[in-house]
$ cat target_0.txt   # compact mmCIF, C-alpha atoms
# COMPACT_ATOMS: atom_id res chain seq x y z
CA MET W 1 74.49 90.22 55.22
CA GLU W 2 77.42 91.78 57.00
CA LYS W 3 76.49 93.59 60.18
CA LEU W 4 77.10 97.32 60.06
CA ILE W 5 76.39 98.31 63.64
CA PHE W 6 77.24 96.63 66.86
CA VAL W 7 76.50 97.55 70.46
CA LEU W 8 79.65 97.28 72.50
CA ILE W 9 80.27 96.16 76.07
CA ILE W 10 77.10 96.94 77.91
CA GLY W 11 78.59 95.00 80.80
CA LEU W 12 81.90 96.88 80.69
CA ILE W 13 80.77 100.44 81.31
CA GLY W 14 77.08 100.55 80.54
CA GLU W 15 77.35 102.94 77.61
CA SER W 16 76.70 101.68 74.09
CA ILE W 17 78.70 102.96 71.13
CA SER W 18 78.06 102.16 67.49
CA ILE W 19 80.97 101.52 65.14
CA ALA W 20 81.46 99.64 61.89
CA GLN W 21 82.87 96.50 63.41
CA ASN W 22 82.85 94.84 66.81
CA PRO W 23 86.35 93.54 67.62
CA GLU W 24 84.90 91.25 70.26
CA ASP W 25 83.15 89.22 67.58
CA LYS W 26 86.50 88.12 66.16
CA GLU W 27 88.62 85.22 67.28
CA TYR W 28 92.00 85.97 68.82
CA ASP W 29 94.85 83.62 69.61
CA CYS W 30 96.07 82.94 73.12
CA LEU W 31 99.56 84.41 73.07
CA PRO W 32 102.59 83.47 75.21
CA VAL W 33 104.14 85.90 77.66
CA THR W 34 107.44 87.03 76.15
CA MET W 35 108.87 89.26 78.90
CA LYS W 36 111.02 87.88 81.72
CA TRP W 37 109.00 88.19 84.88
CA GLU W 38 112.02 89.41 86.90
CA LYS W 39 112.31 92.39 84.52
CA SER W 40 108.63 92.99 83.95
CA ASP W 41 107.41 96.59 83.81
CA TYR W 42 104.36 95.59 85.85
CA PHE W 43 103.72 95.22 89.58
CA LEU W 44 100.68 93.67 91.19
CA PRO W 45 97.83 96.24 91.35
CA TYR W 46 97.49 96.22 95.12
CA PRO W 47 99.62 97.28 98.12
CA VAL W 48 102.83 95.54 99.17
CA ASP W 49 102.30 92.64 101.62
CA GLU W 50 98.71 92.11 100.49
CA ALA W 51 97.73 88.85 98.76
CA TYR W 52 94.68 88.19 96.58
CA PHE W 53 93.18 85.20 94.82
CA VAL W 54 93.35 84.93 91.02
CA ASP W 55 89.94 83.74 89.86
CA GLN W 56 90.64 84.11 86.13
CA ALA W 57 93.92 84.50 84.27
CA ASN W 58 95.27 84.43 80.72
CA CYS W 59 93.05 82.44 78.35
CA SER W 60 91.07 80.83 81.18
CA GLY W 61 87.82 81.01 79.25
CA TYR W 62 84.51 82.63 80.22
CA GLY W 63 85.21 86.37 80.35
CA HIS W 64 88.88 85.80 79.46
CA SER W 65 88.61 84.61 75.89
CA ASN W 66 89.25 86.07 72.43
CA PHE W 67 89.42 89.88 72.71
CA TRP W 68 89.78 89.55 76.50
CA ASN W 69 92.09 86.50 76.40
CA HIS W 70 94.83 88.09 78.46
CA GLY W 71 94.23 89.59 81.88
CA TYR W 72 93.56 88.78 85.49
CA ASP W 73 90.58 88.82 87.84
CA PHE W 74 91.63 89.33 91.46
CA THR W 75 88.90 88.40 93.94
CA MET W 76 88.54 91.33 96.35
CA SER W 77 85.90 92.55 98.75
CA ILE W 78 84.24 95.84 97.87
CA GLY W 79 86.40 98.79 98.91
CA THR W 80 89.80 97.07 98.59
CA ILE W 81 92.61 99.49 97.70
CA ILE W 82 93.82 99.35 94.09
CA THR W 83 97.28 100.66 93.19
CA ALA W 84 98.86 101.55 89.87
CA SER W 85 100.67 98.59 88.34
CA ARG W 86 102.85 100.92 86.26
CA SER W 87 103.44 104.66 86.01
CA GLY W 88 101.55 106.65 83.41
CA LYS W 89 98.78 109.14 82.67
CA VAL W 90 95.09 108.56 83.33
CA GLY W 91 93.36 108.19 79.98
CA TRP W 92 89.87 107.49 81.27
CA ALA W 93 88.18 107.58 84.66
CA LYS W 94 84.52 106.62 84.96
CA ASP W 95 82.55 106.54 88.21
CA GLY W 96 78.89 106.69 89.21
CA CYS W 97 77.77 103.07 88.79
CA TYR W 98 76.34 101.19 91.75
CA ASP W 99 77.62 97.85 92.98
CA GLY W 100 75.35 95.10 91.68
CA ASP W 101 74.49 96.97 88.45
CA GLU W 102 75.47 94.49 85.72
CA LYS W 103 75.11 97.04 82.93
CA CYS W 104 77.37 99.76 84.25
CA THR W 105 81.02 99.55 85.26
CA ASN W 106 83.34 102.03 86.97
CA LEU W 107 86.83 101.89 85.53
CA ILE W 108 90.20 103.56 85.08
CA THR W 109 92.65 103.37 82.19
CA ILE W 110 96.29 104.43 82.55
CA ILE W 111 98.41 105.12 79.47
CA HIS W 112 102.09 104.16 79.82
CA ASP W 113 105.08 105.78 78.16
CA ASP W 114 105.24 103.08 75.46
CA GLY W 115 101.59 103.60 74.53
CA THR W 116 100.24 100.50 76.23
CA VAL W 117 97.22 100.94 78.46
CA ALA W 118 96.20 99.29 81.73
CA LEU W 119 92.50 98.74 82.38
CA TYR W 120 91.27 98.58 85.99
CA SER W 121 87.59 97.62 85.96
CA HIS W 122 84.55 96.87 88.19
CA LEU W 123 85.42 99.54 90.77
CA THR W 124 82.91 100.52 93.45
CA LYS W 125 80.81 103.69 93.34
CA GLY W 126 83.00 106.51 94.59
CA GLY W 127 86.00 104.24 94.15
CA VAL W 128 87.59 106.05 91.21
CA LEU W 129 90.13 108.22 93.01
CA VAL W 130 91.85 109.78 89.98
CA LYS W 131 90.73 111.90 87.06
CA LYS W 132 91.56 112.01 83.39
CA GLY W 133 94.98 113.57 82.78
CA ASP W 134 96.43 112.80 86.22
CA ILE W 135 100.06 111.65 86.24
CA ILE W 136 100.33 108.44 88.22
CA GLN W 137 103.38 106.71 89.69
CA VAL W 138 103.60 102.96 90.16
CA GLY W 139 102.19 102.04 93.56
CA ASP W 140 99.96 105.10 93.87
CA THR W 141 96.46 104.42 95.19
CA ILE W 142 94.09 104.97 92.28
CA GLY W 143 90.83 103.35 93.31
CA MET W 144 88.79 100.85 95.30
CA SER W 145 87.52 97.54 94.00
CA GLY W 146 83.84 96.82 93.64
CA ASN W 147 81.11 94.81 92.01
CA THR W 148 79.99 96.96 89.08
CA GLY W 149 79.35 95.59 85.62
CA ASN W 150 79.55 92.01 84.40
CA THR W 151 81.25 90.43 87.41
CA GLY W 152 79.18 87.25 87.59
CA GLY W 153 78.15 88.45 91.03
CA LEU W 154 81.69 88.09 92.39
CA PRO W 155 83.33 91.36 93.54
CA HIS W 156 86.75 91.56 91.91
CA LEU W 157 89.25 93.69 90.06
CA HIS W 158 89.66 93.02 86.35
CA PHE W 159 93.14 94.04 85.19
CA SER W 160 94.32 93.82 81.59
CA ILE W 161 96.82 95.49 79.25
CA HIS W 162 95.97 96.77 75.77
CA PRO W 163 97.89 98.42 72.91
CA CYS W 164 95.72 101.57 72.92
CA ASN W 165 93.22 103.52 75.03
CA ASP W 166 90.29 103.23 72.61
CA LEU W 167 88.68 100.16 74.15
CA PRO W 168 85.18 98.83 73.37
CA GLY W 169 82.61 100.89 75.20
CA LEU W 170 84.88 103.95 75.22
CA PRO W 171 84.85 106.71 72.58
CA ASN W 172 86.60 105.93 69.27
CA ALA W 173 86.83 102.17 69.95
CA LYS W 174 89.54 100.49 67.90
CA GLU W 175 91.34 97.18 67.57
CA CYS W 176 92.82 96.92 71.07
CA PRO W 177 92.75 93.26 72.15
CA SER W 178 94.39 92.40 75.45
CA ILE W 179 98.06 91.42 75.47
CA PRO W 180 99.87 89.02 77.85
CA ILE W 181 102.06 90.25 80.70
CA ASN W 182 103.53 89.00 83.96
CA PHE W 183 104.52 90.72 87.22
CA LYS W 184 107.84 91.56 88.85
CA ASN W 185 107.03 91.77 92.57
CA THR W 186 105.64 88.34 93.37
CA ASP W 187 106.39 84.64 93.06
CA ALA W 188 107.95 83.41 89.83
CA ASN W 189 105.39 83.72 87.04
CA PRO W 190 107.21 83.34 83.71
CA ASN W 191 103.97 82.52 81.88
CA GLY W 192 101.85 84.92 83.89
CA LEU W 193 99.83 84.31 87.04
CA LEU W 194 98.02 81.02 87.51
CA THR W 195 94.37 80.67 88.45
CA ARG W 196 93.07 79.33 91.74
CA ARG W 197 95.88 80.59 93.93
CA TYR W 198 96.91 83.67 95.92
CA TYR W 199 99.74 86.01 94.94
CA LYS W 200 101.39 88.25 97.52
CA ALA W 201 102.74 91.64 96.47
CA LYS W 202 106.41 91.93 97.45
CA GLU W 203 108.54 95.06 97.81
CA TYR W 204 109.30 96.94 94.59
$ encode --input "target_0.txt" --output "structure tokens"
Amino acid sequence: MEKLIFVLIIGLIGESISIAQNPEDKEYDCLPVTMKWEKSDYFLPYPVDEAYFVDQANCSGYGHSNFWNHGYDFTMSIGTIITASRSGKVGWAKDGCYDGDEKCTNLITIIHDDGTVALYSHLTKGGVLVKKGDIIQVGDTIGMSGNTGNTGGLPHLHFSIHPCNDLPGLPNAKECPSIPINFKNTDANPNGLLTRRYYKAKEY
């Protein structure tokens, strides 16, 4: 019998929402990055001259598979400054979860002018420094990293790009699987960042 109700992303933001279909139960292909990294619209989501370790990247398995194929986990200590990877408008800002709570995640989404959306997840309590509707410029400080939600016990920033703001766990969840991107202000990364190495943020 086909399932009619699914509970979505307890580990993402700790709020369950029932809809007719859970997009995370589907299989999604691992897609290639098509943009030239030197002309990418995206900058690393942390301040210039800082460098952080990529623990998971595109299609690296575990939490980065299927719906969440494309994205990056940057290992960061709690309270590390997070900056906007691209200019846009805050579509969602959720705070109030405590570090170590696996069922509740603080997060920010930023909607860009082409309709794509950046997700910044696992922020610390009190680390969401913007509110819904704020206009954000690339490089602006928007939050502080943490250890909320399904982090596997490793404090980090999860960063991914999606085609809409209606992500699982948020109101009106829709088909918004992650899409592949690369970054302009770091070492050459034509296929996106690689796991198990540090990337330094260079000048814009």
$ closest_residue --input "target_0.txt" --among "W:Lys94, W:His162, W:His64, W:Lys36" --to "Leu129 (chain W)" --atoms "all atoms listed in the file"
W:Lys94
$ closest_atom_pairs --input "target_0.txt" --of "region 112-132 of chain W" --to "region 151-156 of chain W" --cutoff "10 Å" --atoms "all atoms listed in the file" --output "Markdown table"
| residue | atom | partner | partner_atom | distance |
| --- | --- | --- | --- | --- |
| W:Ser121 | CA | W:His156 | CA | 8.5 |
| W:His122 | CA | W:His156 | CA | 6.8 |
| W:Leu123 | CA | W:His156 | CA | 8.2 |
| W:Thr124 | CA | W:Pro155 | CA | 9.2 |
$ closest_residue --input "target_0.txt" --among "W:Asn69, W:Asn106, W:Ser60, W:Thr34" --to "Met144 (chain W)" --atoms "all atoms listed in the file"
W:Asn106
$ closest_residue --input "target_0.txt" --among "W:Ser87, W:Asn147, W:Phe74, W:Cys164" --to "Glu102 (chain W)" --atoms "all atoms listed in the file"
W:Asn147
$ closest_residue --input "target_0.txt" --among "W:Gly115, W:Gly169, W:Tyr199, W:Ser178" --to "Lys103 (chain W)" --atoms "only C-alpha atoms"
W:Gly169
$ atom_distance --input "target_0.txt" --atom1 "CA of Ser65 (chain W)" --atom2 "CA of Gly139 (chain W)"
28.3 Å
$ residues_around --input "target_0.txt" --residues "His158 (chain W)" --least-positions-apart "4" --cutoff "6 Å" --atoms "all atoms listed in the file" --output "list in words"
Tyr72, Asp73, Tyr120 and Ser121 of chain W
$ residues_around --input "target_0.txt" --residues "Phe53 (chain W)" --least-positions-apart "6" --cutoff "6 Å" --atoms "all atoms listed in the file" --output "PDB file with C-alpha atoms, keeping the file's coordinate frame"
ATOM      1  CA  PHE W  74      91.630  89.330  91.460  1.00  0.00           C
ATOM      2  CA  THR W  75      88.900  88.400  93.940  1.00  0.00           C
ATOM      3  CA  ARG W 197      95.880  80.590  93.930  1.00  0.00           C
ATOM      4  CA  TYR W 198      96.910  83.670  95.920  1.00  0.00           C
TER       5      TYR W 198
END
$ residues_around --input "target_0.txt" --residues "Cys176 (chain W)" --least-positions-apart "4" --cutoff "12 Å" --atoms "all atoms listed in the file" --output "list in words"
Asn22, Pro23, Glu24, Lys26, Tyr28, Asn66, Phe67, Trp68, Asn69, His70, Gly115, Thr116, Val117, Ala118, Leu119, Ser160, Ile161, His162, Pro163, Cys164, Asn165, Asp166, Leu167, Pro168, Gly169, Leu170 and Asn172 of chain W
$ closest_residue --input "target_0.txt" --among "W:Lys131, W:Lys89, W:Lys125, W:Lys39" --to "Asn185 (chain W)" --atoms "all atoms listed in the file"
W:Lys39
$ closest_residue --input "target_0.txt" --among "W:Ala201, W:Ile82, W:Leu193, W:Val90" --to "Gly143 (chain W)" --atoms "all atoms listed in the file"
W:Ile82
$ atom_distance --input "target_0.txt" --atom1 "CA of Arg196 (chain W)" --atom2 "CA of Ala57 (chain W)"
9.1 Å
$ atom_distance --input "target_0.txt" --atom1 "CA of Ala93 (chain W)" --atom2 "CA of Tyr42 (chain W)"
20.2 Å
$ residues_around --input "target_0.txt" --residues "Pro45 (chain W)" --least-positions-apart "5" --cutoff "10 Å" --atoms "all atoms listed in the file" --output "PyMOL selection string"
chain W and resi 74+81-86+120+138-142+157+159+183+201
